[in-house]
Amino acid sequence: MGRKQRHVPGFLQYKLLFIRKELSLSQEEMAERLTHKKVPVYQGHVSAYENGLREPPLVVLLQYARLAGLPVDVLIDDEWDLPDRFGNLPYSEEET
């Protein structure tokens, strides 16, 4: 009896990287802004999120969305692109 693996957003790492760069923050500064009282975030976490090695917890995703002024849906739904103010992401629909 196994558990079905859930879908992982394919473009999340790119979106998180672009948000940080648009906000002109270093990974360390972003970690400070993302830290929640019960969920500390460190520079290494931000790096892992941006490289697709680690998925951020929901409270961290919510904080990313709040910092960017976006609904969380935009981050986790691969069919939604970031607004134009974030520039063009380095992927295309054919890559999915």
# chains A, B, ... in the order shown; residues from 1 in each chain; ligands from 1
call {"tool": "select_by_dssp", "arguments": {"residues": "chain A", "states": "alpha helix (DSSP H)", "output": "PyMOL selection string"}}
result
chain A and resi 12-22+27-34+43-50+58-68+72-76
call {"tool": "residues_around", "arguments": {"residues": "Leu17 of chain A", "least_positions_apart": "2", "cutoff": "12 Å", "atoms": "only C-alpha atoms", "output": "PyMOL selection string"}}
result
chain A and resi 11-15+19-27+30+46-52+64+68+75+82+86-87+89-90
call {"tool": "write_last_selection", "arguments": {"atoms": "N, CA, C and O atoms", "output": "CSV table (one decimal), in the first residue's frame"}}
result
chain,number,residue,atom,x,y,z
A,11,PHE,N,7.5,25.2,-12.2
A,11,PHE,CA,8.2,26.5,-12.4
A,11,PHE,C,8.3,27.3,-11.1
A,11,PHE,O,8.8,28.4,-11.1
A,12,LEU,N,8.0,26.6,-10.0
A,12,LEU,CA,8.1,27.3,-8.7
A,12,LEU,C,9.5,27.9,-8.5
A,12,LEU,O,9.6,29.1,-8.1
A,13,GLN,N,10.5,27.1,-8.7
A,13,GLN,CA,11.8,27.6,-8.4
A,13,GLN,C,12.2,28.8,-9.2
A,13,GLN,O,12.8,29.8,-8.7
A,14,TYR,N,11.8,28.9,-10.5
A,14,TYR,CA,12.0,30.1,-11.3
A,14,TYR,C,11.3,31.3,-10.8
A,14,TYR,O,11.8,32.4,-10.7
A,15,LYS,N,10.0,31.1,-10.4
A,15,LYS,CA,9.2,32.2,-9.9
A,15,LYS,C,9.8,32.8,-8.6
A,15,LYS,O,9.9,34.0,-8.4
A,19,ILE,N,11.2,36.6,-8.2
A,19,ILE,CA,10.6,37.5,-7.1
A,19,ILE,C,11.7,38.1,-6.3
A,19,ILE,O,11.8,39.3,-6.1
A,20,ARG,N,12.7,37.2,-5.9
A,20,ARG,CA,13.8,37.8,-5.0
A,20,ARG,C,14.6,38.8,-5.8
A,20,ARG,O,14.9,39.9,-5.3
A,21,LYS,N,14.9,38.5,-7.1
A,21,LYS,CA,15.7,39.4,-7.9
A,21,LYS,C,14.9,40.7,-8.1
A,21,LYS,O,15.5,41.8,-8.1
A,22,GLU,N,13.6,40.6,-8.4
A,22,GLU,CA,12.8,41.8,-8.6
A,22,GLU,C,12.8,42.7,-7.4
A,22,GLU,O,12.7,43.9,-7.5
A,23,LEU,N,12.8,42.1,-6.2
A,23,LEU,CA,12.8,42.8,-4.9
A,23,LEU,C,14.2,43.3,-4.6
A,23,LEU,O,14.4,44.0,-3.6
A,24,SER,N,15.2,43.0,-5.4
A,24,SER,CA,16.6,43.4,-5.2
A,24,SER,C,17.1,42.9,-3.8
A,24,SER,O,17.8,43.7,-3.1
A,25,LEU,N,16.9,41.7,-3.5
A,25,LEU,CA,17.3,41.1,-2.2
A,25,LEU,C,18.3,40.0,-2.4
A,25,LEU,O,18.2,39.3,-3.4
A,26,SER,N,19.3,40.0,-1.5
A,26,SER,CA,20.2,38.8,-1.5
A,26,SER,C,19.4,37.6,-0.9
A,26,SER,O,18.3,37.8,-0.4
A,27,GLN,N,20.0,36.4,-1.0
A,27,GLN,CA,19.4,35.3,-0.5
A,27,GLN,C,19.3,35.4,1.0
A,27,GLN,O,18.2,35.0,1.6
A,30,MET,N,16.4,37.8,1.8
A,30,MET,CA,15.1,37.2,1.5
A,30,MET,C,14.8,36.2,2.7
A,30,MET,O,13.7,36.2,3.1
A,46,VAL,N,16.7,29.3,1.0
A,46,VAL,CA,16.4,30.1,-0.2
A,46,VAL,C,17.1,29.6,-1.4
A,46,VAL,O,16.5,29.4,-2.5
A,47,SER,N,18.4,29.3,-1.3
A,47,SER,CA,19.1,28.7,-2.3
A,47,SER,C,18.5,27.4,-2.8
A,47,SER,O,18.4,27.2,-4.0
A,48,ALA,N,18.2,26.5,-1.9
A,48,ALA,CA,17.6,25.2,-2.2
A,48,ALA,C,16.2,25.4,-2.9
A,48,ALA,O,15.9,24.7,-3.8
A,49,TYR,N,15.4,26.4,-2.5
A,49,TYR,CA,14.1,26.7,-3.1
A,49,TYR,C,14.3,27.1,-4.6
A,49,TYR,O,13.7,26.6,-5.5
A,50,GLU,N,15.3,28.0,-4.8
A,50,GLU,CA,15.6,28.5,-6.1
A,50,GLU,C,16.2,27.5,-7.1
A,50,GLU,O,16.2,27.7,-8.3
A,51,ASN,N,16.8,26.5,-6.5
A,51,ASN,CA,17.5,25.5,-7.3
A,51,ASN,C,16.6,24.2,-7.5
A,51,ASN,O,17.0,23.2,-8.0
A,52,GLY,N,15.4,24.3,-6.9
A,52,GLY,CA,14.5,23.1,-7.0
A,52,GLY,C,14.9,21.9,-6.2
A,52,GLY,O,14.4,20.8,-6.4
A,64,TYR,N,6.2,34.6,0.6
A,64,TYR,CA,6.7,35.0,-0.8
A,64,TYR,C,5.6,35.7,-1.5
A,64,TYR,O,5.9,36.8,-2.1
A,68,ALA,N,5.6,39.7,-2.7
A,68,ALA,CA,5.5,40.1,-4.1
A,68,ALA,C,4.2,40.7,-4.5
A,68,ALA,O,4.0,41.2,-5.6
A,75,LEU,N,2.1,31.4,-7.7
A,75,LEU,CA,3.3,30.7,-7.5
A,75,LEU,C,3.3,29.2,-7.7
A,75,LEU,O,4.2,28.6,-8.3
A,82,LEU,N,4.0,34.9,-13.8
A,82,LEU,CA,4.2,36.1,-13.0
A,82,LEU,C,3.8,37.3,-13.8
A,82,LEU,O,3.9,37.3,-15.0
A,86,PHE,N,7.8,41.3,-13.4
A,86,PHE,CA,8.8,40.3,-13.0
A,86,PHE,C,9.6,39.9,-14.2
A,86,PHE,O,10.5,39.1,-14.1
A,87,GLY,N,9.3,40.4,-15.4
A,87,GLY,CA,10.1,40.0,-16.6
A,87,GLY,C,9.7,38.6,-17.1
A,87,GLY,O,8.7,38.1,-16.7
A,89,LEU,N,10.2,34.8,-17.7
A,89,LEU,CA,10.8,33.6,-17.0
A,89,LEU,C,11.5,32.8,-18.1
A,89,LEU,O,11.1,32.7,-19.2
A,90,PRO,N,12.6,32.1,-17.8
A,90,PRO,CA,13.4,31.4,-18.7
A,90,PRO,C,12.8,30.0,-19.0
A,90,PRO,O,13.5,29.0,-18.8
call {"tool": "atom_distance", "arguments": {"atom1": "atom CA of Arg85 of chain A", "atom2": "atom CA of His7 of chain A"}}
result
27.5 Å
call {"tool": "residues_around", "arguments": {"residues": "segment 60-62 of chain A", "least_positions_apart": "3", "cutoff": "8 Å", "atoms": "only C-alpha atoms", "output": "list in words"}}
result
Leu34, Thr35, His36, Val39, Pro56, Pro57, Ala65, Arg66, Val72 and Leu75 of chain A
call {"tool": "write_last_selection", "arguments": {"atoms": "C-alpha atoms", "output": "PDB file, in the first residue's frame"}}
result
ATOM      1  CA  LEU A  34      10.542  34.958   4.835  1.00  0.00           C
ATOM      2  CA  THR A  35      11.187  33.807   8.391  1.00  0.00           C
ATOM      3  CA  HIS A  36       8.005  33.114  10.316  1.00  0.00           C
ATOM      4  CA  VAL A  39       9.396  28.483  10.706  1.00  0.00           C
ATOM      5  CA  PRO A  56       9.102  25.769   0.760  1.00  0.00           C
ATOM      6  CA  PRO A  57       6.509  25.110   3.469  1.00  0.00           C
ATOM      7  CA  ALA A  65       3.312  35.814  -2.200  1.00  0.00           C
ATOM      8  CA  ARG A  66       2.774  38.640   0.275  1.00  0.00           C
ATOM      9  CA  VAL A  72      -0.296  32.153  -3.785  1.00  0.00           C
ATOM     10  CA  LEU A  75       3.340  30.720  -7.451  1.00  0.00           C
TER      11      LEU A  75
END
call {"tool": "atom_distance", "arguments": {"atom1": "atom CA of Asp78 of chain A", "atom2": "atom CA of Gly10 of chain A"}}
result
6.5 Å
call {"tool": "decode", "arguments": {"residues": "segment 6-17 of chain A", "atoms": "all heavy atoms", "output": "PDB file, in the first residue's frame"}}
result
ATOM      1  N   ARG A   6       2.474  13.431  -4.880  1.00  0.00           N
ATOM      2  CA  ARG A   6       1.719  14.595  -5.329  1.00  0.00           C
ATOM      3  C   ARG A   6       2.493  15.357  -6.394  1.00  0.00           C
ATOM      4  O   ARG A   6       3.708  15.239  -6.500  1.00  0.00           O
ATOM      5  CB  ARG A   6       1.367  15.510  -4.177  1.00  0.00           C
ATOM      6  CG  ARG A   6       2.530  16.178  -3.541  1.00  0.00           C
ATOM      7  CD  ARG A   6       2.055  17.125  -2.436  1.00  0.00           C
ATOM      8  NE  ARG A   6       3.163  17.737  -1.786  1.00  0.00           N
ATOM      9  CZ  ARG A   6       3.885  18.717  -2.293  1.00  0.00           C
ATOM     10  NH1 ARG A   6       3.598  19.213  -3.460  1.00  0.00           N
ATOM     11  NH2 ARG A   6       4.898  19.231  -1.641  1.00  0.00           N
ATOM     12  N   HIS A   7       1.765  16.133  -7.148  1.00  0.00           N
ATOM     13  CA  HIS A   7       2.361  16.945  -8.214  1.00  0.00           C
ATOM     14  C   HIS A   7       3.193  18.058  -7.608  1.00  0.00           C
ATOM     15  O   HIS A   7       2.778  18.734  -6.674  1.00  0.00           O
ATOM     16  CB  HIS A   7       1.258  17.541  -9.097  1.00  0.00           C
ATOM     17  CG  HIS A   7       1.773  18.537 -10.076  1.00  0.00           C
ATOM     18  ND1 HIS A   7       2.493  18.182 -11.191  1.00  0.00           N
ATOM     19  CD2 HIS A   7       1.706  19.899 -10.086  1.00  0.00           C
ATOM     20  CE1 HIS A   7       2.824  19.276 -11.859  1.00  0.00           C
ATOM     21  NE2 HIS A   7       2.365  20.321 -11.209  1.00  0.00           N
ATOM     22  N   VAL A   8       4.376  18.252  -8.128  1.00  0.00           N
ATOM     23  CA  VAL A   8       5.256  19.336  -7.694  1.00  0.00           C
ATOM     24  C   VAL A   8       5.258  20.391  -8.793  1.00  0.00           C
ATOM     25  O   VAL A   8       5.488  20.064  -9.958  1.00  0.00           O
ATOM     26  CB  VAL A   8       6.692  18.821  -7.451  1.00  0.00           C
ATOM     27  CG1 VAL A   8       7.617  19.950  -7.074  1.00  0.00           C
ATOM     28  CG2 VAL A   8       6.692  17.743  -6.381  1.00  0.00           C
ATOM     29  N   PRO A   9       4.984  21.657  -8.455  1.00  0.00           N
ATOM     30  CA  PRO A   9       5.001  22.706  -9.475  1.00  0.00           C
ATOM     31  C   PRO A   9       6.345  22.757 -10.197  1.00  0.00           C
ATOM     32  O   PRO A   9       7.400  22.790  -9.572  1.00  0.00           O
ATOM     33  CB  PRO A   9       4.760  23.994  -8.679  1.00  0.00           C
ATOM     34  CG  PRO A   9       4.154  23.556  -7.394  1.00  0.00           C
ATOM     35  CD  PRO A   9       4.690  22.188  -7.132  1.00  0.00           C
ATOM     36  N   GLY A  10       6.302  22.774 -11.515  1.00  0.00           N
ATOM     37  CA  GLY A  10       7.520  22.747 -12.309  1.00  0.00           C
ATOM     38  C   GLY A  10       8.260  24.070 -12.402  1.00  0.00           C
ATOM     39  O   GLY A  10       9.464  24.091 -12.622  1.00  0.00           O
ATOM     40  N   PHE A  11       7.544  25.173 -12.243  1.00  0.00           N
ATOM     41  CA  PHE A  11       8.162  26.491 -12.430  1.00  0.00           C
ATOM     42  C   PHE A  11       8.333  27.259 -11.120  1.00  0.00           C
ATOM     43  O   PHE A  11       8.765  28.402 -11.134  1.00  0.00           O
ATOM     44  CB  PHE A  11       7.342  27.329 -13.399  1.00  0.00           C
ATOM     45  CG  PHE A  11       7.173  26.681 -14.748  1.00  0.00           C
ATOM     46  CD1 PHE A  11       5.940  26.658 -15.365  1.00  0.00           C
ATOM     47  CD2 PHE A  11       8.243  26.094 -15.396  1.00  0.00           C
ATOM     48  CE1 PHE A  11       5.774  26.065 -16.605  1.00  0.00           C
ATOM     49  CE2 PHE A  11       8.093  25.490 -16.631  1.00  0.00           C
ATOM     50  CZ  PHE A  11       6.850  25.482 -17.238  1.00  0.00           C
ATOM     51  N   LEU A  12       7.999  26.641 -10.011  1.00  0.00           N
ATOM     52  CA  LEU A  12       8.066  27.325  -8.723  1.00  0.00           C
ATOM     53  C   LEU A  12       9.451  27.895  -8.458  1.00  0.00           C
ATOM     54  O   LEU A  12       9.586  29.058  -8.078  1.00  0.00           O
ATOM     55  CB  LEU A  12       7.659  26.379  -7.588  1.00  0.00           C
ATOM     56  CG  LEU A  12       7.722  26.954  -6.178  1.00  0.00           C
ATOM     57  CD1 LEU A  12       6.764  28.145  -6.045  1.00  0.00           C
ATOM     58  CD2 LEU A  12       7.392  25.884  -5.155  1.00  0.00           C
ATOM     59  N   GLN A  13      10.490  27.123  -8.692  1.00  0.00           N
ATOM     60  CA  GLN A  13      11.843  27.591  -8.400  1.00  0.00           C
ATOM     61  C   GLN A  13      12.182  28.849  -9.191  1.00  0.00           C
ATOM     62  O   GLN A  13      12.797  29.777  -8.662  1.00  0.00           O
ATOM     63  CB  GLN A  13      12.863  26.494  -8.663  1.00  0.00           C
ATOM     64  CG  GLN A  13      13.008  26.143 -10.146  1.00  0.00           C
ATOM     65  CD  GLN A  13      13.797  24.868 -10.359  1.00  0.00           C
ATOM     66  OE1 GLN A  13      13.415  23.795  -9.910  1.00  0.00           O
ATOM     67  NE2 GLN A  13      14.917  25.002 -11.042  1.00  0.00           N
ATOM     68  N   TYR A  14      11.767  28.909 -10.453  1.00  0.00           N
ATOM     69  CA  TYR A  14      12.040  30.087 -11.274  1.00  0.00           C
ATOM     70  C   TYR A  14      11.269  31.305 -10.768  1.00  0.00           C
ATOM     71  O   TYR A  14      11.789  32.419 -10.741  1.00  0.00           O
ATOM     72  CB  TYR A  14      11.671  29.835 -12.737  1.00  0.00           C
ATOM     73  CG  TYR A  14      12.408  28.667 -13.336  1.00  0.00           C
ATOM     74  CD1 TYR A  14      11.729  27.502 -13.663  1.00  0.00           C
ATOM     75  CD2 TYR A  14      13.778  28.722 -13.572  1.00  0.00           C
ATOM     76  CE1 TYR A  14      12.404  26.421 -14.211  1.00  0.00           C
ATOM     77  CE2 TYR A  14      14.456  27.649 -14.114  1.00  0.00           C
ATOM     78  CZ  TYR A  14      13.762  26.495 -14.432  1.00  0.00           C
ATOM     79  OH  TYR A  14      14.431  25.430 -14.963  1.00  0.00           O
ATOM     80  N   LYS A  15      10.038  31.080 -10.389  1.00  0.00           N
ATOM     81  CA  LYS A  15       9.216  32.177  -9.890  1.00  0.00           C
ATOM     82  C   LYS A  15       9.801  32.751  -8.606  1.00  0.00           C
ATOM     83  O   LYS A  15       9.861  33.973  -8.430  1.00  0.00           O
ATOM     84  CB  LYS A  15       7.782  31.703  -9.674  1.00  0.00           C
ATOM     85  CG  LYS A  15       7.063  31.394 -10.979  1.00  0.00           C
ATOM     86  CD  LYS A  15       5.669  30.858 -10.732  1.00  0.00           C
ATOM     87  CE  LYS A  15       4.961  30.546 -12.037  1.00  0.00           C
ATOM     88  NZ  LYS A  15       3.591  30.058 -11.820  1.00  0.00           N
ATOM     89  N   LEU A  16      10.245  31.881  -7.704  1.00  0.00           N
ATOM     90  CA  LEU A  16      10.816  32.357  -6.444  1.00  0.00           C
ATOM     91  C   LEU A  16      12.105  33.133  -6.681  1.00  0.00           C
ATOM     92  O   LEU A  16      12.330  34.175  -6.063  1.00  0.00           O
ATOM     93  CB  LEU A  16      11.060  31.180  -5.501  1.00  0.00           C
ATOM     94  CG  LEU A  16       9.816  30.366  -5.126  1.00  0.00           C
ATOM     95  CD1 LEU A  16      10.187  29.252  -4.151  1.00  0.00           C
ATOM     96  CD2 LEU A  16       8.710  31.237  -4.568  1.00  0.00           C
ATOM     97  N   LEU A  17      12.925  32.667  -7.590  1.00  0.00           N
ATOM     98  CA  LEU A  17      14.163  33.367  -7.933  1.00  0.00           C
ATOM     99  C   LEU A  17      13.857  34.748  -8.517  1.00  0.00           C
ATOM    100  O   LEU A  17      14.454  35.748  -8.120  1.00  0.00           O
ATOM    101  CB  LEU A  17      14.979  32.548  -8.926  1.00  0.00           C
ATOM    102  CG  LEU A  17      16.212  33.233  -9.526  1.00  0.00           C
ATOM    103  CD1 LEU A  17      17.241  33.543  -8.449  1.00  0.00           C
ATOM    104  CD2 LEU A  17      16.811  32.367 -10.620  1.00  0.00           C
TER     105      LEU A  17
END
